[in-house]
Amino acid sequence: MYAFDFHRPSTLRQANSLVGKVADNKLLAGGQTLLPTMKQRLASPAAVIDLSGVPELVGIEQKGRNLVIGAMTTHAEVANSALLKGALPGLAALAGGIGDPHVRNRGTIGGSIANNDPAADYPGGLLALGATVVTNQRKISAADFFTGMFSTALDEGEIITKVVVPAGAKFAYAKFRNPASRYAMVGVAVAKKGAKVVVAVTGAGSDGVFRWADAEAALTKRFNAKALDGVKTPAAKGLNSDIHASAEYRSHLIGVMTKRAVTTASGK
Amino acid sequence: MAGTGIGARVERKEDFRFITGKGNYTDDINREGQTHAYFLRSPHAHAVIKSVDTKKASGMPGVVGILTGADIEKDKVGGLICGWMINNKDGSPMRAGAHPALAQGKVRYVGDHVAVVIAETLAEAKDAAEAIKVTYAPLPAVVDLASATKKGITTIHDVAPDNQVYDWHLGDKAATDAAFKKAKHVTKIDLVNNRLIPNAMEPRAAVGDYNSGEDAFTLYTTSQNPHVARLVLSAFIGIAPEHKLRVIAPDVGGGFGSKIFIYAEETVCVWAAKKVGRPVKWVADRTEAFLSDAHGRDHLTHAEMAMDENGKITAMRVKTRANLGAYLSTFSSSVPTYLYAPLLSGQYNIPAIYAEVEAVYTNTAPVDAYRGAGRPEATFVVERIVEVAARELGLDPATFRRKNFIKSFPHQTPVIMCYDVGDYDASLKKAMEVHDVKGFAKRKRDSAKAGKLRGLGYSAYIEACGIAPSAAVGSLGAGVGLWESAEVRVNPVGTVEVLTGSHSHGQGHETTFAQLVAGRLGIPIENVSIVHGDTDKVQMGMGTYGSRSGAVGMSAIVKALDKVEAKAKKVASFVLEASEKDIDFKDGKFSVKGTDKSVDFASVALQAYVAHKFTGAELEPGLKEGAFYDPTNFTFPSGVHIAEVEIDPDTGVTTVAKWTAVDDFGVIINPMIVEGQVHGGIAQGIGQALLEGAVYNDNGQLLTASYMDYAMPRADDLPSFRVDHTTTPCPSNPLGIKGCGEAGAIASPAAMINAITDALGHENIAMPATPQAVWKAAQASFAKAAE
Ligand SMILES: Cc1cc2nc3c(=O)[nH]c(=O)nc-3n(C[C@H](O)[C@H](O)[C@H](O)COP(=O)(O)OP(=O)(O)OC[C@H]3O[C@@H](n4cnc5c(N)ncnc54)[C@H](O)[C@@H]3O)c2cc1C
């Protein structure tokens with residue numbers, strides 16, 4: 001780790017002004033990605049702005065038909081939230097399957113989606129649910145937010161403040177864990193709201209999270225795992241290949257995990 | 001059993017300090033004026049070093065010194081050694097390339113040591129290391145084991161132009177060939193024993209300290225054998241004569257073999273301490289551990305087994321290629337030879353065996369002993385080929401094993417070993433009962449109904465522990481003797497300190513050794529403390545590895561206790577005014593035969609030191625005795641493990657559904673500690689079979705250099721193990737101990753793969769059987785079934 005200046009604002013206003021003012025800064029949330037990268041000297045910001053002192057960024061509440069999750073809410077808080085377990089149990093389960101207890105107690109939803117690791121779990125869930133990412137400057141739909149591997153629509157100086165998730169969907173996330181890191185080797189989120197079905201795939205795409213249109217079409221007709229029999233899984237081209245899983249294997253797993261998510265989501 | 005003696009489940013005395021954060025590990029040691037070392041490591045697998053420019057770096061803030069291979073050469077610091085000479089088939093010696101502690105002229109693996117920066121802080125040392133300019137001329141990397149010696153390949157060490165370290169053999173080729181000619185059936189298999197990275201919880205560390213007033217060095221280091229480290233650093237590397245070099249291995253957080261060896265880092269720290277005139281500390285980070293701890297296993301093997309018309313094994317032929325990495329680590333040469341081939345007879349009566357082993361250099365981290373060292377590799381060969389043979393012959397694998405078991409002892413195998421005692425039928429029978437093998441067919445049907453494949457696999461392993469009779473290993477090329485030492489110091493108040501040459505780094509010696517001493521002397525276990533790991537306190541000793549501390553280390557304590565008892569009886573005879581031969585010692589009391597006169601152990605101890613009851617002409621005061629114990633044979637722990645797996649063919653995920661281990665470890669000192677050793681060993685073996693594997697790319701970059709990519713077994717990867725025992729006491733040592741530290745890791749990989757191949761219905765799966773590999777193999781099973 002190289003030396004850096006450390007700031008710890010206690011209000012969102014202070015945070016807003018610091019990100020505009022302090023040169024070469026990085027926001028620090030749970031530090032689960034940023035700190036290891038800095039320790040390995042792969043990142044060397046001149047300043048770190050720690051958001052952990054900003055209470056407005058933490059918490060989960062229901063606002064009308066939406067569930068609103070503060071950016072600094074940890075994975076453990078999402079996993080254990082009584083509100084979410086009732087209203088959207090699949091999202092609580094998704095958070096409960098991230099990393100290990102240490103990671104869940106430190107890592108945050110804001111940090112996770114800002115980082116947009118292609119193997120992260122939240123991008124799949126939020127895209128399927130049609131969530132909206134709210135920042136200090138604007139609102140961005142999940143579909144526009146995740147723009148590619150480790151890249152998002154966030155501008156310089158933009159702070160995620162909360163994530164708004166519409167309630168009322170049948171939703172489940174099925175994850176196939178990488179045996180070493182336990183990140184998603186393939187993760188499939190399926191949401192059905194009214195007639196509309198969205199299937200979002202994370203972990204597999206070389207460009208990050210993506211939607212699987214053929215599965216959505218089949219499942220819109222009939223929301224049952226059997227509806228996917230005979231639907232060709234996404235082409236291996238465009239999928240990740242590494243020492244743990246070839247693109248072909250990932251393609252196969254997308255099919256299996258989608259079926260499992262559908263079965264869970266339909267409560268069968 | 002109640003109490004604290006042999007056989008009691010005494011809770012580990014050392015755990016209180018470990019779990020309350022009061023352990024004293026090498027990283028806890030900080031010396032006055034201490035500096036921090038950072039090693040600049042090679043980013044290339046193979047390259048000529050054109051130049052190392054440290055000028056700019058030397059002037060950076062906090063830098064105390066920068067040392068390179070040129071300084072090693074100037075100071076005539078000796079190279080790291082390999083302490084076991086292996087001869088080629090033609091009798092010529094193995095080809096050992098030079099291994100300087102800091103690279104000279106060439107780097108040979110990613111992580112090889114190019115320079116050390118010593119600075120006031122670690123961050124300053126790293127900053128300066130970034131400013132060192134090294135010019136490399138990269139060479140082609142030799143990474144693939146199979147092709148490492150092919151014609152025209154790049155040479156790694158000039159002494160071994162074709163990268164061959166040795167070409168060794170064992171056994172009777174002619175007799176084996178003849179048996180194969182007559183065979184009714186021959187089974188052939190090809191196996192990969194995957195390369196593992198040890199991953200002790202505590203990474204390696206060293207603090208070198210030099211006292212100019214006394215011209216003496218102290219090295220604190222993470223070692224399984226501090227005396228051997230001192231011997232090598234003194235006699236071969238030439239740091240200082242032994243009486244001027246103290247090596248302390250304090251609490252050590254796991255070793256699994258990887259901390260036996262004498263590495264570049266501790267050598268450099270202790271040497272540099274004098275050069276910079278300040279203590280020098282180095283602690284590996286996890287990436288350094290992945291790159292530079294000696295790795296384990298890494299064999300390619302072709303094996304053949306011959307059988308007669310009655311399904312009796314008549315001969316075995318094994319050809320193995322072993323990867324020793326870029327340099328020969330301390331005991332590397334012995335692992336694929338004398339720790340491997342002599343175990344190829346397994347538990348079976350095999351009249352003829354011939355084994356050939358070719359060891360090679362590659363541009364990868366050095367490979368050396370890792371939990372089991374050679375014996376897991378041998379067991380994997382034997383237990384896989386036996387299983388496949390049974391399947392080919394259409395015999396139940398348990399029946400086939402039983403038919404071929406050795407049934408009378410002692411049994412001389414055709415590959416050196418003479419098994420002293422065992423009852424292989426007994427452990428197989430018990431394991432099958434405990435496991436409910438009878439119920440397997442139903443469990444398999446139930447799995448099938450749920451769309452899952454179920455399989456069951458045996459591993460009837462044997463290992464050789466208690467290494468070893470010194471003269472025997474000397475004749476096989478070992479550079480040291482493998483006895484052990486102990487000193488029992490009775491204090492005037494009757495408490496006892498035991499100084500042992502064994503070293504505990506997770507084994508629980510402070511408990512088990514104290515159980516032995518307290519039981520023997522009839523004193524409370526709290527009154528016994530075990531001292532180890534410091535060459536200034538403890539007499540020369542050989543350390544802990546190869547499951548030797550019970551069989552060899554405790555035997556040395558028994559010998560010393562014999563002497564203590566004999567001397568105490570003399571003292572008691574003066575106290576009790578009786579003839580020495582009339583003194584009995586039992587339950588902590590000395591008594592005169594046929595009378596009610598007695599005195600307790602503590603009083604005798606006091607009398608030994610106050611020396612009021614005898615004159616100097618009659619008896620020496622004091623009560624302190626030492627002993628060296630050299631074993632007369634290896635010990636042969638054996639047993640049967642049964643693995644049962646369930647495979648999800650849709651994803652390839654293998655779940656370990658059930659596990660039974662029935663081991664014969666001879667006499668057990670503390671069943672709780674033994675079970676813990678077995679559990680850990682099985683976990684490592686399942687790790688090898690399902691999860692772990694070091695992967696280098698074609699350029700020699702380690703792709704599995706962190707936990708993001710190297711899969712360690714976690715608690716939820718494992719079932720609850722059923723662990724049980726049978727007992728045939730070892731006849732060659734006083735306590736009847738065989739050893740238990742490695743058995744789990746030795747037995748389990750073969751059991752796992754036998755279970756997986758049973759489930760799949762074919763043999764084509766290599767370790768690690770990852771979900772991807774099993775999924776592919778399951779597709780092949782379905783294709784086969786559809787034919
Ligand atoms: C061992 C381990 C296992 C893991 N396993 C998983 C897993 O299984 N699945 C999974 O999805 N993830 C996993 N993770 C990732 C983890 O869950 C975190 O989500 C992730 O590290 C980022 O969250 P964080 O709060 O720690 O962010 P930080 O590391 O603090 O920050 C990450 C990035 O986001 C930026 N950032 C943070 N907050 C904001 C904000 N409010 N607005 C704008 N930018 C912001 C930071 O500047 C930084 O660039 C794992 C991590 C570890 C260390």
# chains A, B, ... in the order shown; residues from 1 in each chain; ligands from 1
>>> residues_around(residues="segment 170-182 of chain B", least_positions_apart="4", cutoff="7 Å", atoms="only C-alpha atoms", output="NGL selection string")
:B and (306 or 314-316 or 352-356 or 414-415)
>>> closest_atom_pairs(of="chain B", to="ligand 1", cutoff="12 Å", atoms="only C-alpha atoms and all ligand atoms", output="CSV")
residue,atom,partner,partner_atom_place_in_ligand_line,distance
B:Ser706,CA,ligand 1,1 (C),10.6
B:Tyr707,CA,ligand 1,1 (C),8.1
B:Met708,CA,ligand 1,1 (C),7.6
B:Asp709,CA,ligand 1,1 (C),11.3
>>> write_last_selection(atoms="N, CA and C atoms", output="short mmCIF file (atom, residue, chain, number, x, y, z; two decimals), in the first residue's frame")
data_model
loop_
_atom_site.label_atom_id
_atom_site.label_comp_id
_atom_site.auth_asym_id
_atom_site.auth_seq_id
_atom_site.Cartn_x
_atom_site.Cartn_y
_atom_site.Cartn_z
N SER B 706 -3.38 -17.32 -5.51
CA SER B 706 -4.15 -16.77 -4.39
C SER B 706 -5.38 -17.65 -4.19
N TYR B 707 -6.12 -17.37 -3.13
CA TYR B 707 -7.33 -18.16 -2.86
C TYR B 707 -8.45 -17.84 -3.84
N MET B 708 -8.27 -16.84 -4.66
CA MET B 708 -9.25 -16.60 -5.72
C MET B 708 -9.24 -17.76 -6.70
N ASP B 709 -8.08 -18.41 -6.85
CA ASP B 709 -7.97 -19.47 -7.86
C ASP B 709 -7.49 -20.81 -7.32
#
>>> residues_around(residues="segment 117-121 of chain A", least_positions_apart="5", cutoff="7 Å", atoms="only C-alpha atoms", output="PDB file with all heavy atoms, in the first residue's frame")
ATOM      1  N   LEU A  94     -29.808 -13.991  -1.987  1.00  0.00           N
ATOM      2  CA  LEU A  94     -28.666 -13.637  -2.852  1.00  0.00           C
ATOM      3  C   LEU A  94     -27.550 -13.026  -2.007  1.00  0.00           C
ATOM      4  O   LEU A  94     -26.390 -13.433  -2.082  1.00  0.00           O
ATOM      5  CB  LEU A  94     -29.126 -12.669  -3.941  1.00  0.00           C
ATOM      6  CG  LEU A  94     -28.070 -12.097  -4.899  1.00  0.00           C
ATOM      7  CD1 LEU A  94     -28.701 -11.787  -6.263  1.00  0.00           C
ATOM      8  CD2 LEU A  94     -27.367 -10.855  -4.371  1.00  0.00           C
ATOM      9  N   MET A 149     -17.577  -5.220 -18.163  1.00  0.00           N
ATOM     10  CA  MET A 149     -16.724  -5.779 -17.118  1.00  0.00           C
ATOM     11  C   MET A 149     -16.057  -4.666 -16.308  1.00  0.00           C
ATOM     12  O   MET A 149     -15.332  -3.830 -16.866  1.00  0.00           O
ATOM     13  CB  MET A 149     -15.672  -6.645 -17.811  1.00  0.00           C
ATOM     14  CG  MET A 149     -14.588  -7.078 -16.908  1.00  0.00           C
ATOM     15  SD  MET A 149     -14.173  -8.789 -17.174  1.00  0.00           S
ATOM     16  CE  MET A 149     -13.044  -8.785 -18.494  1.00  0.00           C
ATOM     17  N   PHE A 150     -16.314  -4.630 -15.014  1.00  0.00           N
ATOM     18  CA  PHE A 150     -15.772  -3.615 -14.105  1.00  0.00           C
ATOM     19  C   PHE A 150     -16.094  -2.191 -14.546  1.00  0.00           C
ATOM     20  O   PHE A 150     -15.389  -1.261 -14.187  1.00  0.00           O
ATOM     21  CB  PHE A 150     -14.252  -3.761 -13.925  1.00  0.00           C
ATOM     22  CG  PHE A 150     -13.852  -5.011 -13.209  1.00  0.00           C
ATOM     23  CD1 PHE A 150     -13.208  -6.048 -13.890  1.00  0.00           C
ATOM     24  CD2 PHE A 150     -14.117  -5.178 -11.859  1.00  0.00           C
ATOM     25  CE1 PHE A 150     -12.847  -7.216 -13.226  1.00  0.00           C
ATOM     26  CE2 PHE A 150     -13.754  -6.356 -11.188  1.00  0.00           C
ATOM     27  CZ  PHE A 150     -13.116  -7.366 -11.876  1.00  0.00           C
ATOM     28  N   TYR A 183     -17.102 -16.780  -5.706  1.00  0.00           N
ATOM     29  CA  TYR A 183     -17.864 -15.817  -6.494  1.00  0.00           C
ATOM     30  C   TYR A 183     -18.738 -16.636  -7.452  1.00  0.00           C
ATOM     31  O   TYR A 183     -18.592 -17.859  -7.562  1.00  0.00           O
ATOM     32  CB  TYR A 183     -16.925 -14.955  -7.336  1.00  0.00           C
ATOM     33  CG  TYR A 183     -16.404 -13.711  -6.666  1.00  0.00           C
ATOM     34  CD1 TYR A 183     -15.325 -13.764  -5.797  1.00  0.00           C
ATOM     35  CD2 TYR A 183     -16.958 -12.467  -6.937  1.00  0.00           C
ATOM     36  CE1 TYR A 183     -14.819 -12.607  -5.198  1.00  0.00           C
ATOM     37  CE2 TYR A 183     -16.468 -11.307  -6.349  1.00  0.00           C
ATOM     38  CZ  TYR A 183     -15.397 -11.387  -5.478  1.00  0.00           C
ATOM     39  OH  TYR A 183     -14.910 -10.251  -4.914  1.00  0.00           O
ATOM     40  N   ALA A 184     -19.590 -15.951  -8.203  1.00  0.00           N
ATOM     41  CA  ALA A 184     -20.445 -16.665  -9.146  1.00  0.00           C
ATOM     42  C   ALA A 184     -19.632 -17.102 -10.363  1.00  0.00           C
ATOM     43  O   ALA A 184     -19.020 -16.281 -11.029  1.00  0.00           O
ATOM     44  CB  ALA A 184     -21.596 -15.774  -9.579  1.00  0.00           C
ATOM     45  N   MET A 185     -19.616 -18.410 -10.610  1.00  0.00           N
ATOM     46  CA  MET A 185     -19.036 -18.880 -11.870  1.00  0.00           C
ATOM     47  C   MET A 185     -20.127 -18.739 -12.926  1.00  0.00           C
ATOM     48  O   MET A 185     -19.866 -18.402 -14.068  1.00  0.00           O
ATOM     49  CB  MET A 185     -18.580 -20.330 -11.727  1.00  0.00           C
ATOM     50  CG  MET A 185     -17.492 -20.726 -12.675  1.00  0.00           C
ATOM     51  SD  MET A 185     -16.484 -22.046 -11.973  1.00  0.00           S
ATOM     52  CE  MET A 185     -17.453 -23.460 -12.451  1.00  0.00           C
ATOM     53  N   GLY A 187     -24.281 -17.226 -12.364  1.00  0.00           N
ATOM     54  CA  GLY A 187     -25.394 -16.908 -11.473  1.00  0.00           C
ATOM     55  C   GLY A 187     -26.557 -16.462 -12.339  1.00  0.00           C
ATOM     56  O   GLY A 187     -26.382 -15.652 -13.240  1.00  0.00           O
ATOM     57  N   THR A 202     -25.158 -13.581 -14.564  1.00  0.00           N
ATOM     58  CA  THR A 202     -23.900 -12.984 -14.130  1.00  0.00           C
ATOM     59  C   THR A 202     -22.842 -14.081 -14.014  1.00  0.00           C
ATOM     60  O   THR A 202     -23.156 -15.266 -14.080  1.00  0.00           O
ATOM     61  CB  THR A 202     -24.090 -12.230 -12.796  1.00  0.00           C
ATOM     62  OG1 THR A 202     -22.898 -11.525 -12.479  1.00  0.00           O
ATOM     63  CG2 THR A 202     -24.402 -13.196 -11.660  1.00  0.00           C
ATOM     64  N   GLY A 203     -21.576 -13.676 -13.891  1.00  0.00           N
ATOM     65  CA  GLY A 203     -20.510 -14.658 -13.708  1.00  0.00           C
ATOM     66  C   GLY A 203     -20.012 -15.267 -15.005  1.00  0.00           C
ATOM     67  O   GLY A 203     -18.866 -15.697 -15.090  1.00  0.00           O
ATOM     68  N   GLY A 208     -19.705  -8.921 -18.497  1.00  0.00           N
ATOM     69  CA  GLY A 208     -20.523  -8.706 -17.314  1.00  0.00           C
ATOM     70  C   GLY A 208     -21.927  -9.256 -17.484  1.00  0.00           C
ATOM     71  O   GLY A 208     -22.181 -10.108 -18.343  1.00  0.00           O
ATOM     72  N   VAL A 209     -22.842  -8.722 -16.655  1.00  0.00           N
ATOM     73  CA  VAL A 209     -24.198  -9.262 -16.616  1.00  0.00           C
ATOM     74  C   VAL A 209     -24.909  -9.062 -17.965  1.00  0.00           C
ATOM     75  O   VAL A 209     -24.683  -8.074 -18.656  1.00  0.00           O
ATOM     76  CB  VAL A 209     -24.981  -8.597 -15.456  1.00  0.00           C
ATOM     77  CG1 VAL A 209     -25.147  -7.105 -15.696  1.00  0.00           C
ATOM     78  CG2 VAL A 209     -26.310  -9.294 -15.219  1.00  0.00           C
TER      79      VAL A 209
END
>>> closest_atom_pairs(of="chain B", to="chain A", cutoff="12 Å", atoms="only C-alpha atoms", output="JSON lines")
{"residue": "B:Leu122", "atom": "CA", "partner": "A:Met1", "partner_atom": "CA", "distance": 10.1}
{"residue": "B:Ala123", "atom": "CA", "partner": "A:Met1", "partner_atom": "CA", "distance": 7.3}
{"residue": "B:Glu124", "atom": "CA", "partner": "A:Tyr2", "partner_atom": "CA", "distance": 9.6}
{"residue": "B:Ala125", "atom": "CA", "partner": "A:Met1", "partner_atom": "CA", "distance": 11.8}
{"residue": "B:Lys126", "atom": "CA", "partner": "A:Met1", "partner_atom": "CA", "distance": 9.3}
{"residue": "B:Asp127", "atom": "CA", "partner": "A:Tyr2", "partner_atom": "CA", "distance": 8.5}
{"residue": "B:Glu130", "atom": "CA", "partner": "A:Arg41", "partner_atom": "CA", "distance": 10.8}
{"residue": "B:Asp285", "atom": "CA", "partner": "A:Gln40", "partner_atom": "CA", "distance": 10.4}
{"residue": "B:Arg286", "atom": "CA", "partner": "A:Gln40", "partner_atom": "CA", "distance": 11.2}
{"residue": "B:Thr287", "atom": "CA", "partner": "A:Gln40", "partner_atom": "CA", "distance": 9.8}
{"residue": "B:Glu288", "atom": "CA", "partner": "A:Gln40", "partner_atom": "CA", "distance": 11.9}
{"residue": "B:Asp648", "atom": "CA", "partner": "A:Val256", "partner_atom": "CA", "distance": 11.1}
{"residue": "B:Pro649", "atom": "CA", "partner": "A:Val256", "partner_atom": "CA", "distance": 10.6}
{"residue": "B:Asp650", "atom": "CA", "partner": "A:Val256", "partner_atom": "CA", "distance": 6.8}
{"residue": "B:Thr651", "atom": "CA", "partner": "A:Leu253", "partner_atom": "CA", "distance": 6.6}
{"residue": "B:Gly652", "atom": "CA", "partner": "A:Leu253", "partner_atom": "CA", "distance": 9.8}
{"residue": "B:Val653", "atom": "CA", "partner": "A:Phe176", "partner_atom": "CA", "distance": 9.7}
{"residue": "B:Thr654", "atom": "CA", "partner": "A:Pro179", "partner_atom": "CA", "distance": 11.4}
{"residue": "B:Gly687", "atom": "CA", "partner": "A:Pro179", "partner_atom": "CA", "distance": 11.0}
{"residue": "B:Leu690", "atom": "CA", "partner": "A:Pro179", "partner_atom": "CA", "distance": 9.5}
{"residue": "B:Leu691", "atom": "CA", "partner": "A:Pro179", "partner_atom": "CA", "distance": 7.1}
{"residue": "B:Glu692", "atom": "CA", "partner": "A:Ala180", "partner_atom": "CA", "distance": 8.7}
{"residue": "B:Gly693", "atom": "CA", "partner": "A:Ile243", "partner_atom": "CA", "distance": 10.4}
{"residue": "B:Ala694", "atom": "CA", "partner": "A:Ile243", "partner_atom": "CA", "distance": 10.6}
{"residue": "B:Val695", "atom": "CA", "partner": "A:Ile243", "partner_atom": "CA", "distance": 8.2}
{"residue": "B:Tyr696", "atom": "CA", "partner": "A:Ile243", "partner_atom": "CA", "distance": 10.3}
{"residue": "B:Asn697", "atom": "CA", "partner": "A:Ile243", "partner_atom": "CA", "distance": 10.0}
{"residue": "B:Leu702", "atom": "CA", "partner": "A:Ile243", "partner_atom": "CA", "distance": 11.6}
{"residue": "B:Leu703", "atom": "CA", "partner": "A:Ile243", "partner_atom": "CA", "distance": 8.3}
{"residue": "B:Thr704", "atom": "CA", "partner": "A:Ile243", "partner_atom": "CA", "distance": 9.0}
{"residue": "B:Ala705", "atom": "CA", "partner": "A:Ala180", "partner_atom": "CA", "distance": 11.4}
{"residue": "B:Ser706", "atom": "CA", "partner": "A:Ala180", "partner_atom": "CA", "distance": 9.2}
{"residue": "B:Tyr707", "atom": "CA", "partner": "A:Ala180", "partner_atom": "CA", "distance": 6.1}
{"residue": "B:Met708", "atom": "CA", "partner": "A:Ser181", "partner_atom": "CA", "distance": 4.3}
{"residue": "B:Asp709", "atom": "CA", "partner": "A:Ala180", "partner_atom": "CA", "distance": 5.2}
{"residue": "B:Tyr710", "atom": "CA", "partner": "A:Ala180", "partner_atom": "CA", "distance": 5.6}
{"residue": "B:Ala711", "atom": "CA", "partner": "A:Ala180", "partner_atom": "CA", "distance": 3.8}
{"residue": "B:Met712", "atom": "CA", "partner": "A:Ala180", "partner_atom": "CA", "distance": 6.8}
{"residue": "B:Pro713", "atom": "CA", "partner": "A:Ala180", "partner_atom": "CA", "distance": 8.7}
{"residue": "B:Arg714", "atom": "CA", "partner": "A:Ala180", "partner_atom": "CA", "distance": 9.7}
{"residue": "B:Asp716", "atom": "CA", "partner": "A:Pro179", "partner_atom": "CA", "distance": 11.7}
{"residue": "B:Asp717", "atom": "CA", "partner": "A:Pro179", "partner_atom": "CA", "distance": 9.8}
{"residue": "B:Pro768", "atom": "CA", "partner": "A:His244", "partner_atom": "CA", "distance": 10.9}
{"residue": "B:Ala769", "atom": "CA", "partner": "A:His244", "partner_atom": "CA", "distance": 11.2}
{"residue": "B:Thr770", "atom": "CA", "partner": "A:His244", "partner_atom": "CA", "distance": 7.9}
{"residue": "B:Pro771", "atom": "CA", "partner": "A:Pro179", "partner_atom": "CA", "distance": 8.3}
{"residue": "B:Gln772", "atom": "CA", "partner": "A:Ala245", "partner_atom": "CA", "distance": 6.1}
{"residue": "B:Ala773", "atom": "CA", "partner": "A:Ala245", "partner_atom": "CA", "distance": 9.0}
{"residue": "B:Val774", "atom": "CA", "partner": "A:Tyr249", "partner_atom": "CA", "distance": 11.1}
{"residue": "B:Trp775", "atom": "CA", "partner": "A:Tyr249", "partner_atom": "CA", "distance": 8.4}
{"residue": "B:Lys776", "atom": "CA", "partner": "A:Tyr249", "partner_atom": "CA", "distance": 8.5}
{"residue": "B:Gln779", "atom": "CA", "partner": "A:Tyr249", "partner_atom": "CA", "distance": 11.5}
>>> select_by_dssp(residues="segment 22-151 of chain A", states="helix (DSSP H, G or I)", output="PyMOL selection string")
chain A and resi 34-39+51-53+55-57+75-80+82-87+89-96+101-106+109-115+122-129+142-145
>>> select_by_dssp(residues="segment 15-116 of chain B", states="strand (DSSP E)", output="PyMOL selection string")
chain B and resi 35-41+47-53+63-68+106-107+113-116
>>> residues_around(residues="Thr258 of chain A", least_positions_apart="6", cutoff="9 Å", atoms="only C-alpha atoms", output="list of chain:residue names")
A:Tyr173, A:Ala174, A:Gly187, A:Val188, A:Ala189, A:Val190, A:Val199, A:Val201, A:Ala215, A:Ala225, A:Leu228
>>> closest_residue(among="B:Ala200, B:Ala141, B:Val186, B:Ala471", to="Ile313 of chain B", atoms="only C-alpha atoms")
B:Val186
>>> residues_around(residues="segment 144-146 of chain A", least_positions_apart="2", cutoff="12 Å", atoms="only C-alpha atoms", output="ChimeraX atom specification")
/A:112-118,120,122-127,130-135,138-142,148-155,160,163,200,202,207-211
>>> atom_distance(atom1="atom CA of Val496 of chain B", atom2="atom CA of Val528 of chain B")
4.8 Å
>>> closest_residue(among="B:Ala398, B:Met305, B:Cys418, B:Ala289", to="Ser732 of chain B", atoms="only C-alpha atoms")
B:Cys418
>>> atom_distance(atom1="atom CA of Ile109 of chain A", atom2="atom CA of Thr37 of chain A")
18.5 Å
>>> closest_residue(among="B:Gln607, B:Gln164, B:Gln684, B:Thr511", to="Leu576 of chain B", atoms="only C-alpha atoms")
B:Gln607
>>> closest_residue(among="A:Ala87, A:Leu28, A:Ile98, A:Ala236", to="Gln62 of chain A", atoms="only C-alpha atoms")
A:Ala87
